[in-house]
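**Student:** The file below is final.pdb, PDB, C-alpha atoms:
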```pdb
ATOM      1  CA  MET A   1      51.904  59.407  92.865
ATOM      2  CA  SER A   2      54.813  61.911  92.799
ATOM      3  CA  LYS A   3      58.331  60.742  92.012
ATOM      4  CA  ILE A   4      60.644  59.257  94.643
ATOM      5  CA  THR A   5      63.538  61.663  95.214
ATOM      6  CA  CYS A   6      66.916  60.006  95.701
ATOM      7  CA  ILE A   7      70.630  60.663  96.118
ATOM      8  CA  ILE A   8      73.726  58.555  95.464
ATOM      9  CA  ILE A   9      76.540  58.355  98.032
ATOM     10  CA  GLU A  10      79.365  56.569  96.240
ATOM     11  CA  ASP A  11      83.066  57.303  95.617
ATOM     12  CA  GLU A  12      83.664  55.033  92.602
ATOM     13  CA  PRO A  13      82.963  56.907  89.320
ATOM     14  CA  LEU A  14      82.005  53.721  87.458
ATOM     15  CA  ALA A  15      79.538  52.699  90.182
ATOM     16  CA  VAL A  16      78.033  56.206  90.123
ATOM     17  CA  LYS A  17      77.582  55.970  86.336
ATOM     18  CA  VAL A  18      75.855  52.578  86.613
ATOM     19  CA  LEU A  19      73.444  53.889  89.256
ATOM     20  CA  LYS A  20      72.733  57.063  87.264
ATOM     21  CA  ASP A  21      71.981  54.996  84.145
ATOM     22  CA  TYR A  22      69.695  52.635  86.097
ATOM     23  CA  ILE A  23      67.873  55.511  87.802
ATOM     24  CA  ALA A  24      67.310  57.195  84.433
ATOM     25  CA  GLU A  25      65.532  54.025  83.260
ATOM     26  CA  VAL A  26      62.985  54.114  86.125
ATOM     27  CA  PRO A  27      60.190  56.674  85.579
ATOM     28  CA  PHE A  28      59.269  57.038  89.256
ATOM     29  CA  LEU A  29      62.815  57.931  90.429
ATOM     30  CA  ASP A  30      64.131  61.510  90.549
ATOM     31  CA  LEU A  31      67.888  61.840  91.183
ATOM     32  CA  GLN A  32      68.644  64.940  93.271
ATOM     33  CA  GLY A  33      72.414  64.635  93.568
ATOM     34  CA  THR A  34      75.530  62.467  93.909
ATOM     35  CA  PHE A  35      78.111  62.645  96.704
ATOM     36  CA  LYS A  36      81.534  61.016  96.862
ATOM     37  CA  ASP A  37      81.560  60.871 100.665
ATOM     38  CA  ALA A  38      79.124  60.850 103.586
ATOM     39  CA  ILE A  39      80.283  64.204 104.976
ATOM     40  CA  LEU A  40      79.106  65.997 101.846
ATOM     41  CA  ALA A  41      75.832  64.055 101.956
ATOM     42  CA  THR A  42      75.307  64.998 105.614
ATOM     43  CA  ASP A  43      75.602  68.679 104.750
ATOM     44  CA  TYR A  44      73.083  68.265 101.920
ATOM     45  CA  LEU A  45      70.589  66.400 104.135
ATOM     46  CA  ARG A  46      70.653  69.215 106.704
ATOM     47  CA  HIS A  47      68.890  71.421 104.169
ATOM     48  CA  HIS A  48      67.046  68.954 101.919
ATOM     49  CA  THR A  49      64.687  66.019 102.346
ATOM     50  CA  VAL A  50      64.901  62.952 100.121
ATOM     51  CA  ASP A  51      62.939  59.708  99.988
ATOM     52  CA  LEU A  52      65.802  57.308  99.192
ATOM     53  CA  MET A  53      69.587  56.992  99.479
ATOM     54  CA  PHE A  54      71.804  54.629  97.473
ATOM     55  CA  LEU A  55      74.639  54.156  99.956
ATOM     56  CA  ASP A  56      78.056  52.545  99.491
ATOM     57  CA  ILE A  57      79.707  51.100 102.618
ATOM     58  CA  HIS A  58      83.426  51.724 101.991
ATOM     59  CA  LEU A  59      83.519  55.507 101.720
ATOM     60  CA  PRO A  60      86.393  57.903 102.498
ATOM     61  CA  ARG A  61      86.395  59.803 105.827
ATOM     62  CA  LEU A  62      83.162  58.253 107.197
ATOM     63  CA  LYS A  63      82.055  54.690 106.390
ATOM     64  CA  GLY A  64      78.518  54.093 105.136
ATOM     65  CA  MET A  65      77.229  52.172 108.174
ATOM     66  CA  ALA A  66      78.705  54.712 110.610
ATOM     67  CA  PHE A  67      77.080  57.506 108.599
ATOM     68  CA  LEU A  68      73.719  55.734 108.674
ATOM     69  CA  LYS A  69      73.887  55.450 112.472
ATOM     70  CA  THR A  70      74.259  59.238 112.739
ATOM     71  CA  LEU A  71      70.861  59.845 111.100
ATOM     72  CA  SER A  72      68.002  59.969 113.596
ATOM     73  CA  HIS A  73      65.324  59.967 110.859
ATOM     74  CA  PRO A  74      66.947  58.407 107.771
ATOM     75  CA  PRO A  75      65.144  58.070 104.441
ATOM     76  CA  ALA A  76      64.771  54.663 102.818
ATOM     77  CA  VAL A  77      68.221  53.159 102.201
ATOM     78  CA  ILE A  78      69.478  50.755  99.556
ATOM     79  CA  ILE A  79      73.026  49.579 100.291
ATOM     80  CA  THR A  80      75.256  49.133  97.226
ATOM     81  CA  THR A  81      78.500  47.316  97.998
ATOM     82  CA  ALA A  82      80.922  44.603  96.960
ATOM     83  CA  TYR A  83      81.032  43.232 100.526
ATOM     84  CA  HIS A  84      78.362  40.741 101.620
ATOM     85  CA  GLN A  85      79.465  40.554 105.268
ATOM     86  CA  TYR A  86      77.624  43.756 106.223
ATOM     87  CA  ALA A  87      74.183  42.480 105.205
ATOM     88  CA  LEU A  88      73.015  41.567 108.730
ATOM     89  CA  GLU A  89      74.142  44.911 110.128
ATOM     90  CA  GLY A  90      72.283  46.575 107.284
ATOM     91  CA  PHE A  91      69.046  44.834 108.165
ATOM     92  CA  ASP A  92      69.586  45.788 111.824
ATOM     93  CA  LEU A  93      69.586  49.397 110.600
ATOM     94  CA  ASN A  94      66.345  48.802 108.671
ATOM     95  CA  VAL A  95      67.759  49.224 105.176
ATOM     96  CA  THR A  96      65.225  48.454 102.445
ATOM     97  CA  ASP A  97      67.570  46.298 100.374
ATOM     98  CA  TYR A  98      71.216  45.233 100.013
ATOM     99  CA  LEU A  99      72.659  45.105  96.505
ATOM    100  CA  LEU A 100      75.945  43.268  95.928
ATOM    101  CA  LYS A 101      78.095  44.731  93.131
ATOM    102  CA  PRO A 102      78.002  44.124  90.269
ATOM    103  CA  PHE A 103      74.194  43.945  90.094
ATOM    104  CA  GLU A 104      71.964  43.829  87.041
ATOM    105  CA  PHE A 105      69.168  46.281  86.266
ATOM    106  CA  GLU A 106      66.499  43.690  87.079
ATOM    107  CA  ARG A 107      67.832  43.306  90.652
ATOM    108  CA  PHE A 108      68.028  47.094  90.997
ATOM    109  CA  LEU A 109      64.399  47.404  89.871
ATOM    110  CA  ILE A 110      63.251  44.914  92.517
ATOM    111  CA  ALA A 111      64.945  47.001  95.212
ATOM    112  CA  VAL A 112      63.502  50.364  94.166
ATOM    113  CA  THR A 113      60.049  48.857  93.693
ATOM    114  CA  LYS A 114      60.119  47.904  97.383
ATOM    115  CA  VAL A 115      60.688  51.576  98.208
ATOM    116  CA  LYS A 116      57.855  52.600  95.881
ATOM    117  CA  THR A 117      55.452  50.149  97.534
ATOM    118  CA  THR A 118      56.328  51.377 101.039
ATOM    119  CA  THR A 119      56.082  55.036 100.017
ATOM    120  CA  LYS A 120      52.691  54.445  98.433
ATOM    121  CA  ALA A 121      51.420  52.743 101.590
ATOM    122  CA  ILE A 122      52.609  55.678 103.714
ATOM    123  CA  LEU A 123      50.821  58.143 101.434
ATOM    124  CA  GLN A 124      47.621  56.117 101.528
ATOM    125  CA  ALA A 125      47.762  55.897 105.317
ATOM    126  CA  THR A 126      48.266  59.672 105.488
ATOM    127  CA  GLU A 127      45.633  60.669 102.948
ATOM    128  CA  ALA A 128      42.874  58.125 103.445
ATOM    129  CA  PRO A 129      40.562  58.279 106.467
ATOM    130  CA  GLU A 130      41.161  55.536 108.990
ATOM    131  CA  THR A 131      38.544  52.868 108.489
ATOM    132  CA  LYS A 132      40.246  49.581 109.343
ATOM    133  CA  ASP A 133      41.058  48.449 112.861
ATOM    134  CA  PHE A 134      43.306  45.565 111.766
ATOM    135  CA  VAL A 135      46.093  44.560 109.415
ATOM    136  CA  PHE A 136      46.851  41.270 107.656
ATOM    137  CA  LEU A 137      50.481  40.134 108.046
ATOM    138  CA  ASN A 138      52.456  37.307 106.457
ATOM    139  CA  VAL A 139      53.215  34.803 109.226
ATOM    140  CA  GLN A 140      54.610  31.362 108.298
ATOM    141  CA  LYS A 141      53.106  31.373 104.781
ATOM    142  CA  LYS A 142      49.692  32.521 106.064
ATOM    143  CA  LYS A 143      47.948  35.887 106.133
ATOM    144  CA  VAL A 144      47.143  36.493 109.795
ATOM    145  CA  LYS A 145      44.680  39.170 110.928
ATOM    146  CA  VAL A 146      46.092  41.301 113.739
ATOM    147  CA  LEU A 147      43.898  43.862 115.502
ATOM    148  CA  PHE A 148      45.484  47.262 116.143
ATOM    149  CA  SER A 149      43.903  47.282 119.603
ATOM    150  CA  GLU A 150      45.834  44.118 120.573
ATOM    151  CA  ILE A 151      49.308  45.276 119.479
ATOM    152  CA  ILE A 152      51.546  46.335 122.399
ATOM    153  CA  TYR A 153      54.813  46.980 120.562
ATOM    154  CA  ILE A 154      56.802  45.957 117.504
ATOM    155  CA  GLU A 155      60.499  45.104 117.564
ATOM    156  CA  SER A 156      62.955  44.831 114.680
ATOM    157  CA  GLN A 157      64.584  41.383 114.406
ATOM    158  CA  ARG A 158      66.949  41.978 111.482
ATOM    159  CA  GLU A 159      64.945  41.157 108.328
ATOM    160  CA  TYR A 160      61.896  40.284 110.447
ATOM    161  CA  VAL A 161      59.668  42.189 112.871
ATOM    162  CA  LYS A 162      58.245  40.758 116.079
ATOM    163  CA  ILE A 163      54.698  41.944 116.771
ATOM    164  CA  VAL A 164      53.950  41.564 120.484
ATOM    165  CA  CYS A 165      50.208  41.458 121.185
ATOM    166  CA  THR A 166      48.129  41.047 124.329
ATOM    167  CA  LYS A 167      47.532  37.340 123.691
ATOM    168  CA  LYS A 168      50.434  36.161 121.504
ATOM    169  CA  GLU A 169      53.434  37.175 119.401
ATOM    170  CA  TYR A 170      53.959  37.053 115.640
ATOM    171  CA  LEU A 171      57.087  37.078 113.474
ATOM    172  CA  SER A 172      56.717  38.554 109.984
ATOM    173  CA  LYS A 173      59.394  38.993 107.303
ATOM    174  CA  MET A 174      59.376  42.753 106.738
ATOM    175  CA  SER A 175      61.151  45.872 107.976
ATOM    176  CA  THR A 176      59.925  48.250 110.665
ATOM    177  CA  HIS A 177      59.568  50.888 107.926
ATOM    178  CA  GLU A 178      57.199  48.602 106.023
ATOM    179  CA  ILE A 179      54.986  47.748 108.993
ATOM    180  CA  GLU A 180      55.035  51.370 110.190
ATOM    181  CA  ALA A 181      53.476  52.339 106.860
ATOM    182  CA  LEU A 182      50.563  49.968 107.540
ATOM    183  CA  LEU A 183      49.782  51.310 111.024
ATOM    184  CA  PRO A 184      47.613  54.345 111.876
ATOM    185  CA  ALA A 185      50.076  57.101 112.788
ATOM    186  CA  ASN A 186      47.890  58.461 115.583
ATOM    187  CA  ARG A 187      47.891  55.115 117.407
ATOM    188  CA  PHE A 188      51.492  53.938 116.912
ATOM    189  CA  LYS A 189      54.773  55.814 117.322
ATOM    190  CA  ARG A 190      58.367  54.850 116.546
ATOM    191  CA  ILE A 191      60.442  55.699 119.635
ATOM    192  CA  HIS A 192      63.638  53.911 118.625
ATOM    193  CA  ARG A 193      65.228  52.688 115.403
ATOM    194  CA  SER A 194      64.116  49.176 116.393
ATOM    195  CA  PHE A 195      60.851  49.784 118.297
ATOM    196  CA  ILE A 196      57.325  50.987 117.515
ATOM    197  CA  ILE A 197      54.865  51.218 120.414
ATOM    198  CA  ALA A 198      51.087  51.435 120.769
ATOM    199  CA  VAL A 199      50.302  54.828 122.301
ATOM    200  CA  GLU A 200      47.251  53.484 124.149
ATOM    201  CA  LYS A 201      49.404  50.830 125.866
ATOM    202  CA  ILE A 202      51.818  53.359 127.445
ATOM    203  CA  GLU A 203      51.749  53.145 131.254
ATOM    204  CA  SER A 204      54.584  55.556 132.071
ATOM    205  CA  TYR A 205      57.736  57.062 130.602
ATOM    206  CA  THR A 206      60.970  58.872 131.413
ATOM    207  CA  ALA A 207      63.472  60.608 129.133
ATOM    208  CA  GLU A 208      65.084  57.223 128.382
ATOM    209  CA  VAL A 209      62.393  54.531 128.700
ATOM    210  CA  VAL A 210      58.713  53.955 127.931
ATOM    211  CA  GLU A 211      56.811  51.273 129.842
ATOM    212  CA  VAL A 212      54.093  49.444 127.894
ATOM    213  CA  ASN A 213      52.170  46.607 129.529
ATOM    214  CA  GLY A 214      54.970  46.157 132.052
ATOM    215  CA  VAL A 215      57.738  46.046 129.415
ATOM    216  CA  ALA A 216      60.462  48.733 129.382
ATOM    217  CA  ILE A 217      61.219  49.966 125.844
ATOM    218  CA  PRO A 218      64.260  52.247 125.278
ATOM    219  CA  ILE A 219      63.770  55.664 123.671
ATOM    220  CA  GLY A 220      66.268  56.357 120.895
ATOM    221  CA  ARG A 221      68.303  59.542 121.168
ATOM    222  CA  GLY A 222      66.709  61.024 118.054
ATOM    223  CA  TYR A 223      63.139  60.094 119.033
ATOM    224  CA  ARG A 224      62.694  61.850 122.403
ATOM    225  CA  GLU A 225      60.583  64.607 120.927
ATOM    226  CA  VAL A 226      58.084  61.965 119.743
ATOM    227  CA  ILE A 227      57.290  61.148 123.375
ATOM    228  CA  GLU A 228      57.319  64.810 124.420
ATOM    229  CA  ASN A 229      54.711  65.593 121.749
ATOM    230  CA  LEU A 230      52.242  62.867 122.744
TER     231      LEU A 230
END
```
Take the structure in the file and give it back as structure tokens.

**Tutor:**
Amino acid sequence: MSKITCIIIEDEPLAVKVLKDYIAEVPFLDLQGTFKDAILATDYLRHHTVDLMFLDIHLPRLKGMAFLKTLSHPPAVIITTAYHQYALEGFDLNVTDYLLKPFEFERFLIAVTKVKTTTKAILQATEAPETKDFVFLNVQKKKVKVLFSEIIYIESQREYVKIVCTKKEYLSKMSTHEIEALLPANRFKRIHRSFIIAVEKIESYTAEVVEVNGVAIPIGRGYREVIENL
């Protein structure tokens, strides 16, 4: 597996040094650059693609959460901050992990390993021929088999996802990025930061809304071309 490319968006020199030192200790991480504010990072991301961002919240000019909301297709994000009160908002924005400063290397390694696992699953789903028609999900301490053909849509519920199926609903502790990596890309499409829909369940759509099995799902501003390209 190729290395995970990453950038640091952080205005505190000491925090940047800690992250650089930690990244240097992890063989599968490849640091592409550091930025002291989100405006500079935005300019870089217009011309470059990265797999992971280490993002501080209290940045000059544009705060970290506001910056994240401007990205229609963000990479994986690990929040690094001294403020715990933004954790729920972070999970609403599908961040992979939330590190409270000061954090030890072991906690950092847990966070980046989550990104590695998700990235590996995405690569396997892309490269391997589709053979399975189901996925096993963790639901209330059990592994539950869910058929792709029964899934109508998936909705982000902070650190959980709700999987709405034809017969019942499931709640699993994972992000939409993680479950998206487990789904066949030709059968499921993300149309909003918080929603993934089953293409075969689409009944109708407009520029703003998709209707699946009688349920209206909003189309995110940055995802309209996904519907147009169906």

**Student:** What does the PyMOL selection byres ((chain A and resi 222) around 10) select in this file, as number ranges by chain?

**Tutor:** A: 70-73, 191-193, 219-221, 223-226

**Student:** As an exercise, work out the distance from atom CA of Ala207 of chain A to atom CA of Thr176 of chain A in Å and give it to one decimal place.

**Tutor:**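 Atom CA of Thr176 of chain A lies at a distance of 22.5 Å from atom CA of Ala207 of chain A.
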
**Student:** Would you pick out the contacts of segment 31-34 of chain A at 6 Å or less, using only C-alpha atoms, so that residues sharing its chain but fewer than 5 positions from it are not included, and give the list as number ranges by chain?

**Tutor:** A: 5-9

**Student:** Using atom CA of Arg190 of chain A and atom CA of Glu150 of chain A as the two end points, give the distance in Å to one decimal.

**Tutor:**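 Interatomic distance here is 17.0 Å.
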
**Student:** Can you turn the PyMOL selection byres ((chain A and resi 3) around 8) into a concrete residue list for this file, as JSON, numbers by chain?

**Tutor:** {"A": [1, 2, 4, 5, 27, 28, 29, 30]}

**Student:** Separation of atom CA of His177 of chain A and atom CA of Val16 of chain A, in Å?

**Tutor:** 26.2 Å

**Student:** Which residues, named as in the file, does the PyMOL selection byres ((chain A and resi 174) around 9) pick out? Answer as a ChimeraX atom specification.

**Tutor:** /A:138,156,158-161,172-173,175-179

**Student:** Report as a ChimeraX atom specification all protein, DNA and RNA residues lying within 12 Å of Lys114 of chain A, evaluated on only C-alpha atoms, omitting residues in the same chain fewer than 3 positions from it.

**Tutor:** /A:4,52,76-78,95-98,107-111,117-121,174-175,177-178

**Student:** Take the selection from the previous step and output its residues with C-alpha atoms, as a CSV table (one decimal), in the frame of the given file.

**Tutor:**
```
chain,number,residue,atom,x,y,z
A,4,ILE,CA,60.6,59.3,94.6
A,52,LEU,CA,65.8,57.3,99.2
A,76,ALA,CA,64.8,54.7,102.8
A,77,VAL,CA,68.2,53.2,102.2
A,78,ILE,CA,69.5,50.8,99.6
A,95,VAL,CA,67.8,49.2,105.2
A,96,THR,CA,65.2,48.5,102.4
A,97,ASP,CA,67.6,46.3,100.4
A,98,TYR,CA,71.2,45.2,100.0
A,107,ARG,CA,67.8,43.3,90.7
A,108,PHE,CA,68.0,47.1,91.0
A,109,LEU,CA,64.4,47.4,89.9
A,110,ILE,CA,63.3,44.9,92.5
A,111,ALA,CA,64.9,47.0,95.2
A,117,THR,CA,55.5,50.1,97.5
A,118,THR,CA,56.3,51.4,101.0
A,119,THR,CA,56.1,55.0,100.0
A,120,LYS,CA,52.7,54.4,98.4
A,121,ALA,CA,51.4,52.7,101.6
A,174,MET,CA,59.4,42.8,106.7
A,175,SER,CA,61.2,45.9,108.0
A,177,HIS,CA,59.6,50.9,107.9
A,178,GLU,CA,57.2,48.6,106.0
```
